[in-house]
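Remarks on the structure that follows.
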Amino acid sequence: MGKKKAKPERKEKETMQDLAWFRYNLRRFLRFSEKAARACGVTPQQHQLMLGIAGFTDDGRATISDLAEFLQERNNSVVGLVERAAESGLVRRRASTTDRRQVVVTLTARGKEILSTLTELHHEEVRRVKAGFLTRPQLKREPTSGENDSRTRRRGQNG
């Protein structure tokens with residue numbers, strides 16, 4: 001067996017830090033998005049569903065398979081989500097005119113209105129995220145025991 005490295009190499013450490021900040025900013029964005037959805041009276045999953053219908057395809061409609069891919073969920077899970085969204089008046093579903101086995105989902109006027117509001121709310125947050133997704137701000141941390149705090153440093157300087 002080879003020797004274990006005591007510390008990760010510099011490049012590996014930078015990659016880990018980039019990944020950590022990427023995940024942190026991603027979680028912050030998702031938390032913002034979830035709160036915005038709830039404030040507009042929909043669940044975060046319904047918001048994602050409406051976004052998938054309006055933005056994942058070029059024509060403002062999507063099949064269950066399209067939505068399953070967009071949401072990274074199984075088809076049967078998406079069927080349930082679409083049913084609940086239809087009951088809430090957010091989406092409309094109908095059989096495809098070219099293949100009756102496929103279900104095509106579109107937004108209702110209410111769904112379009114809510115999605116438009118959510119899109120506006122997300123505009124500034126998306127801009128912020130784009131500007132510094134991997135940015136590593138300095139965290140302000142309280143000194144831990146064993147670290148010098150300002151009182152200890154002052155005492156050492158004075159006496």
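Residue numbers start at 1 in each chain; chains themselves are named A, B, ... in the order of the structure tokens; ligands are numbered from 1 in the order shown.
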Using only C-alpha atoms, I'd like a table of the residues in region 34-67 of chain A that come within 9 Å of region 106-128 of chain A; for each, show the closest atom pair and its distance in Å rounded to one decimal, ordered by chain and ascending number, as CSV.
residue,atom,partner,partner_atom,distance
A:Ala36,CA,A:Leu118,CA,6.8
A:Ala37,CA,A:Leu118,CA,6.8
A:Cys40,CA,A:Ile114,CA,6.8
A:Gly41,CA,A:Ile114,CA,8.5
A:Val42,CA,A:Ile114,CA,8.4
A:His47,CA,A:Leu115,CA,7.1
A:Met50,CA,A:Leu115,CA,6.7
A:Leu51,CA,A:Leu115,CA,7.1
A:Ile53,CA,A:Thr106,CA,6.3
A:Ala54,CA,A:Leu107,CA,7.5
A:Gly60,CA,A:Thr106,CA,6.7
A:Arg61,CA,A:Thr106,CA,4.8
A:Ala62,CA,A:Thr106,CA,6.8
Give me the residues within 8 Å of Val78 (chain A) as an NGL selection string, counting only C-alpha atoms and dropping any in the same chain fewer than 5 places off.
-> :A and (64 or 67-68 or 73)
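Closest approach to Leu30 (chain A) from the set A:Thr15, A:Val105, A:Gln48, A:Phe56 is made by A:Gln48, with distances taken over only C-alpha atoms.
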Out of region 7-68 of chain A, which residues get alpha helix (DSSP H) from DSSP, as a PDB file with N, CA and C atoms, in the first residue's frame?
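As a result, selection32.pdb now contains:
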ATOM      1  N   ARG A  10      -3.292  21.029  -3.037  1.00  0.00           N
ATOM      2  CA  ARG A  10      -3.883  22.364  -3.166  1.00  0.00           C
ATOM      3  C   ARG A  10      -5.054  22.370  -4.155  1.00  0.00           C
ATOM      4  N   LYS A  11      -4.891  21.746  -5.307  1.00  0.00           N
ATOM      5  CA  LYS A  11      -5.957  21.732  -6.317  1.00  0.00           C
ATOM      6  C   LYS A  11      -7.184  20.991  -5.796  1.00  0.00           C
ATOM      7  N   GLU A  12      -6.967  19.880  -5.094  1.00  0.00           N
ATOM      8  CA  GLU A  12      -8.070  19.122  -4.534  1.00  0.00           C
ATOM      9  C   GLU A  12      -8.812  19.962  -3.484  1.00  0.00           C
ATOM     10  N   LYS A  13      -8.063  20.681  -2.669  1.00  0.00           N
ATOM     11  CA  LYS A  13      -8.674  21.540  -1.651  1.00  0.00           C
ATOM     12  C   LYS A  13      -9.500  22.641  -2.314  1.00  0.00           C
ATOM     13  N   GLU A  14      -8.965  23.271  -3.352  1.00  0.00           N
ATOM     14  CA  GLU A  14      -9.708  24.307  -4.076  1.00  0.00           C
ATOM     15  C   GLU A  14     -10.990  23.744  -4.679  1.00  0.00           C
ATOM     16  N   THR A  15     -10.902  22.545  -5.230  1.00  0.00           N
ATOM     17  CA  THR A  15     -12.080  21.901  -5.809  1.00  0.00           C
ATOM     18  C   THR A  15     -13.125  21.639  -4.731  1.00  0.00           C
ATOM     19  N   MET A  16     -12.676  21.158  -3.571  1.00  0.00           N
ATOM     20  CA  MET A  16     -13.613  20.919  -2.463  1.00  0.00           C
ATOM     21  C   MET A  16     -14.267  22.226  -2.016  1.00  0.00           C
ATOM     22  N   GLN A  17     -13.480  23.291  -1.934  1.00  0.00           N
ATOM     23  CA  GLN A  17     -14.030  24.584  -1.530  1.00  0.00           C
ATOM     24  C   GLN A  17     -15.027  25.093  -2.573  1.00  0.00           C
ATOM     25  N   ASP A  18     -14.681  24.967  -3.848  1.00  0.00           N
ATOM     26  CA  ASP A  18     -15.612  25.370  -4.907  1.00  0.00           C
ATOM     27  C   ASP A  18     -16.921  24.592  -4.801  1.00  0.00           C
ATOM     28  N   LEU A  19     -16.797  23.290  -4.592  1.00  0.00           N
ATOM     29  CA  LEU A  19     -17.983  22.445  -4.462  1.00  0.00           C
ATOM     30  C   LEU A  19     -18.806  22.846  -3.240  1.00  0.00           C
ATOM     31  N   ALA A  20     -18.142  23.112  -2.134  1.00  0.00           N
ATOM     32  CA  ALA A  20     -18.845  23.524  -0.918  1.00  0.00           C
ATOM     33  C   ALA A  20     -19.601  24.818  -1.136  1.00  0.00           C
ATOM     34  N   TRP A  21     -18.972  25.808  -1.759  1.00  0.00           N
ATOM     35  CA  TRP A  21     -19.646  27.100  -1.986  1.00  0.00           C
ATOM     36  C   TRP A  21     -20.738  26.985  -3.042  1.00  0.00           C
ATOM     37  N   PHE A  22     -20.505  26.157  -4.045  1.00  0.00           N
ATOM     38  CA  PHE A  22     -21.538  25.910  -5.048  1.00  0.00           C
ATOM     39  C   PHE A  22     -22.780  25.335  -4.370  1.00  0.00           C
ATOM     40  N   ARG A  23     -22.587  24.303  -3.541  1.00  0.00           N
ATOM     41  CA  ARG A  23     -23.712  23.672  -2.844  1.00  0.00           C
ATOM     42  C   ARG A  23     -24.385  24.644  -1.882  1.00  0.00           C
ATOM     43  N   TYR A  24     -23.607  25.466  -1.199  1.00  0.00           N
ATOM     44  CA  TYR A  24     -24.154  26.456  -0.274  1.00  0.00           C
ATOM     45  C   TYR A  24     -25.041  27.447  -1.023  1.00  0.00           C
ATOM     46  N   ASN A  25     -24.517  28.009  -2.115  1.00  0.00           N
ATOM     47  CA  ASN A  25     -25.302  28.979  -2.883  1.00  0.00           C
ATOM     48  C   ASN A  25     -26.518  28.333  -3.532  1.00  0.00           C
ATOM     49  N   LEU A  26     -26.383  27.091  -3.946  1.00  0.00           N
ATOM     50  CA  LEU A  26     -27.512  26.362  -4.511  1.00  0.00           C
ATOM     51  C   LEU A  26     -28.608  26.194  -3.457  1.00  0.00           C
ATOM     52  N   ARG A  27     -28.235  25.806  -2.245  1.00  0.00           N
ATOM     53  CA  ARG A  27     -29.221  25.660  -1.164  1.00  0.00           C
ATOM     54  C   ARG A  27     -29.875  26.992  -0.834  1.00  0.00           C
ATOM     55  N   ARG A  28     -29.091  28.070  -0.819  1.00  0.00           N
ATOM     56  CA  ARG A  28     -29.666  29.400  -0.550  1.00  0.00           C
ATOM     57  C   ARG A  28     -30.694  29.766  -1.621  1.00  0.00           C
ATOM     58  N   PHE A  29     -30.346  29.503  -2.892  1.00  0.00           N
ATOM     59  CA  PHE A  29     -31.279  29.809  -3.974  1.00  0.00           C
ATOM     60  C   PHE A  29     -32.540  28.964  -3.842  1.00  0.00           C
ATOM     61  N   LEU A  30     -32.387  27.689  -3.581  1.00  0.00           N
ATOM     62  CA  LEU A  30     -33.551  26.810  -3.450  1.00  0.00           C
ATOM     63  C   LEU A  30     -34.431  27.235  -2.283  1.00  0.00           C
ATOM     64  N   ARG A  31     -33.828  27.619  -1.174  1.00  0.00           N
ATOM     65  CA  ARG A  31     -34.607  28.095  -0.018  1.00  0.00           C
ATOM     66  C   ARG A  31     -35.395  29.358  -0.393  1.00  0.00           C
ATOM     67  N   PHE A  32     -34.736  30.283  -1.087  1.00  0.00           N
ATOM     68  CA  PHE A  32     -35.417  31.490  -1.558  1.00  0.00           C
ATOM     69  C   PHE A  32     -36.602  31.113  -2.446  1.00  0.00           C
ATOM     70  N   SER A  33     -36.377  30.210  -3.379  1.00  0.00           N
ATOM     71  CA  SER A  33     -37.403  29.808  -4.331  1.00  0.00           C
ATOM     72  C   SER A  33     -38.581  29.128  -3.635  1.00  0.00           C
ATOM     73  N   GLU A  34     -38.292  28.272  -2.664  1.00  0.00           N
ATOM     74  CA  GLU A  34     -39.359  27.595  -1.922  1.00  0.00           C
ATOM     75  C   GLU A  34     -40.227  28.597  -1.169  1.00  0.00           C
ATOM     76  N   LYS A  35     -39.588  29.571  -0.527  1.00  0.00           N
ATOM     77  CA  LYS A  35     -40.338  30.595   0.217  1.00  0.00           C
ATOM     78  C   LYS A  35     -41.190  31.433  -0.733  1.00  0.00           C
ATOM     79  N   ALA A  36     -40.643  31.785  -1.883  1.00  0.00           N
ATOM     80  CA  ALA A  36     -41.384  32.590  -2.860  1.00  0.00           C
ATOM     81  C   ALA A  36     -42.602  31.827  -3.363  1.00  0.00           C
ATOM     82  N   ALA A  37     -42.439  30.544  -3.649  1.00  0.00           N
ATOM     83  CA  ALA A  37     -43.564  29.732  -4.123  1.00  0.00           C
ATOM     84  C   ALA A  37     -44.677  29.709  -3.085  1.00  0.00           C
ATOM     85  N   ARG A  38     -44.308  29.434  -1.844  1.00  0.00           N
ATOM     86  CA  ARG A  38     -45.325  29.374  -0.782  1.00  0.00           C
ATOM     87  C   ARG A  38     -46.017  30.722  -0.599  1.00  0.00           C
ATOM     88  N   ALA A  39     -45.262  31.802  -0.731  1.00  0.00           N
ATOM     89  CA  ALA A  39     -45.847  33.143  -0.601  1.00  0.00           C
ATOM     90  C   ALA A  39     -46.866  33.415  -1.712  1.00  0.00           C
ATOM     91  N   PRO A  44     -43.550  24.382  -3.685  1.00  0.00           N
ATOM     92  CA  PRO A  44     -42.345  24.447  -4.518  1.00  0.00           C
ATOM     93  C   PRO A  44     -42.402  23.457  -5.689  1.00  0.00           C
ATOM     94  N   GLN A  45     -42.996  22.295  -5.473  1.00  0.00           N
ATOM     95  CA  GLN A  45     -43.103  21.307  -6.552  1.00  0.00           C
ATOM     96  C   GLN A  45     -44.028  21.814  -7.661  1.00  0.00           C
ATOM     97  N   GLN A  46     -45.127  22.475  -7.287  1.00  0.00           N
ATOM     98  CA  GLN A  46     -46.027  23.034  -8.302  1.00  0.00           C
ATOM     99  C   GLN A  46     -45.328  24.135  -9.092  1.00  0.00           C
ATOM    100  N   HIS A  47     -44.513  24.947  -8.409  1.00  0.00           N
ATOM    101  CA  HIS A  47     -43.752  25.980  -9.110  1.00  0.00           C
ATOM    102  C   HIS A  47     -42.821  25.342 -10.135  1.00  0.00           C
ATOM    103  N   GLN A  48     -42.106  24.304  -9.725  1.00  0.00           N
ATOM    104  CA  GLN A  48     -41.202  23.631 -10.651  1.00  0.00           C
ATOM    105  C   GLN A  48     -41.957  23.002 -11.817  1.00  0.00           C
ATOM    106  N   LEU A  49     -43.111  22.443 -11.532  1.00  0.00           N
ATOM    107  CA  LEU A  49     -43.945  21.865 -12.584  1.00  0.00           C
ATOM    108  C   LEU A  49     -44.334  22.933 -13.605  1.00  0.00           C
ATOM    109  N   MET A  50     -44.831  24.067 -13.124  1.00  0.00           N
ATOM    110  CA  MET A  50     -45.239  25.142 -14.036  1.00  0.00           C
ATOM    111  C   MET A  50     -44.059  25.672 -14.831  1.00  0.00           C
ATOM    112  N   LEU A  51     -42.903  25.781 -14.183  1.00  0.00           N
ATOM    113  CA  LEU A  51     -41.696  26.226 -14.873  1.00  0.00           C
ATOM    114  C   LEU A  51     -41.311  25.239 -15.971  1.00  0.00           C
ATOM    115  N   GLY A  52     -41.447  23.952 -15.680  1.00  0.00           N
ATOM    116  CA  GLY A  52     -41.146  22.933 -16.685  1.00  0.00           C
ATOM    117  C   GLY A  52     -42.075  23.000 -17.880  1.00  0.00           C
ATOM    118  N   ILE A  53     -43.342  23.263 -17.624  1.00  0.00           N
ATOM    119  CA  ILE A  53     -44.317  23.365 -18.721  1.00  0.00           C
ATOM    120  C   ILE A  53     -44.007  24.573 -19.588  1.00  0.00           C
ATOM    121  N   ALA A  54     -43.748  25.700 -18.948  1.00  0.00           N
ATOM    122  CA  ALA A  54     -43.553  26.951 -19.692  1.00  0.00           C
ATOM    123  C   ALA A  54     -42.166  27.086 -20.305  1.00  0.00           C
ATOM    124  N   GLY A  55     -41.142  26.515 -19.662  1.00  0.00           N
ATOM    125  CA  GLY A  55     -39.800  26.818 -20.096  1.00  0.00           C
ATOM    126  C   GLY A  55     -38.941  25.679 -20.586  1.00  0.00           C
ATOM    127  N   ILE A  64     -45.994  14.221 -19.983  1.00  0.00           N
ATOM    128  CA  ILE A  64     -45.596  13.684 -18.684  1.00  0.00           C
ATOM    129  C   ILE A  64     -44.127  13.269 -18.729  1.00  0.00           C
ATOM    130  N   SER A  65     -43.696  12.669 -19.824  1.00  0.00           N
ATOM    131  CA  SER A  65     -42.288  12.256 -19.965  1.00  0.00           C
ATOM    132  C   SER A  65     -41.355  13.463 -19.951  1.00  0.00           C
ATOM    133  N   ASP A  66     -41.739  14.546 -20.649  1.00  0.00           N
ATOM    134  CA  ASP A  66     -40.935  15.783 -20.618  1.00  0.00           C
ATOM    135  C   ASP A  66     -40.779  16.268 -19.182  1.00  0.00           C
ATOM    136  N   LEU A  67     -41.894  16.299 -18.463  1.00  0.00           N
ATOM    137  CA  LEU A  67     -41.887  16.813 -17.094  1.00  0.00           C
ATOM    138  C   LEU A  67     -41.111  15.898 -16.152  1.00  0.00           C
ATOM    139  N   ALA A  68     -41.204  14.594 -16.366  1.00  0.00           N
ATOM    140  CA  ALA A  68     -40.431  13.658 -15.553  1.00  0.00           C
ATOM    141  C   ALA A  68     -38.937  13.915 -15.728  1.00  0.00           C
TER     142      ALA A  68
END
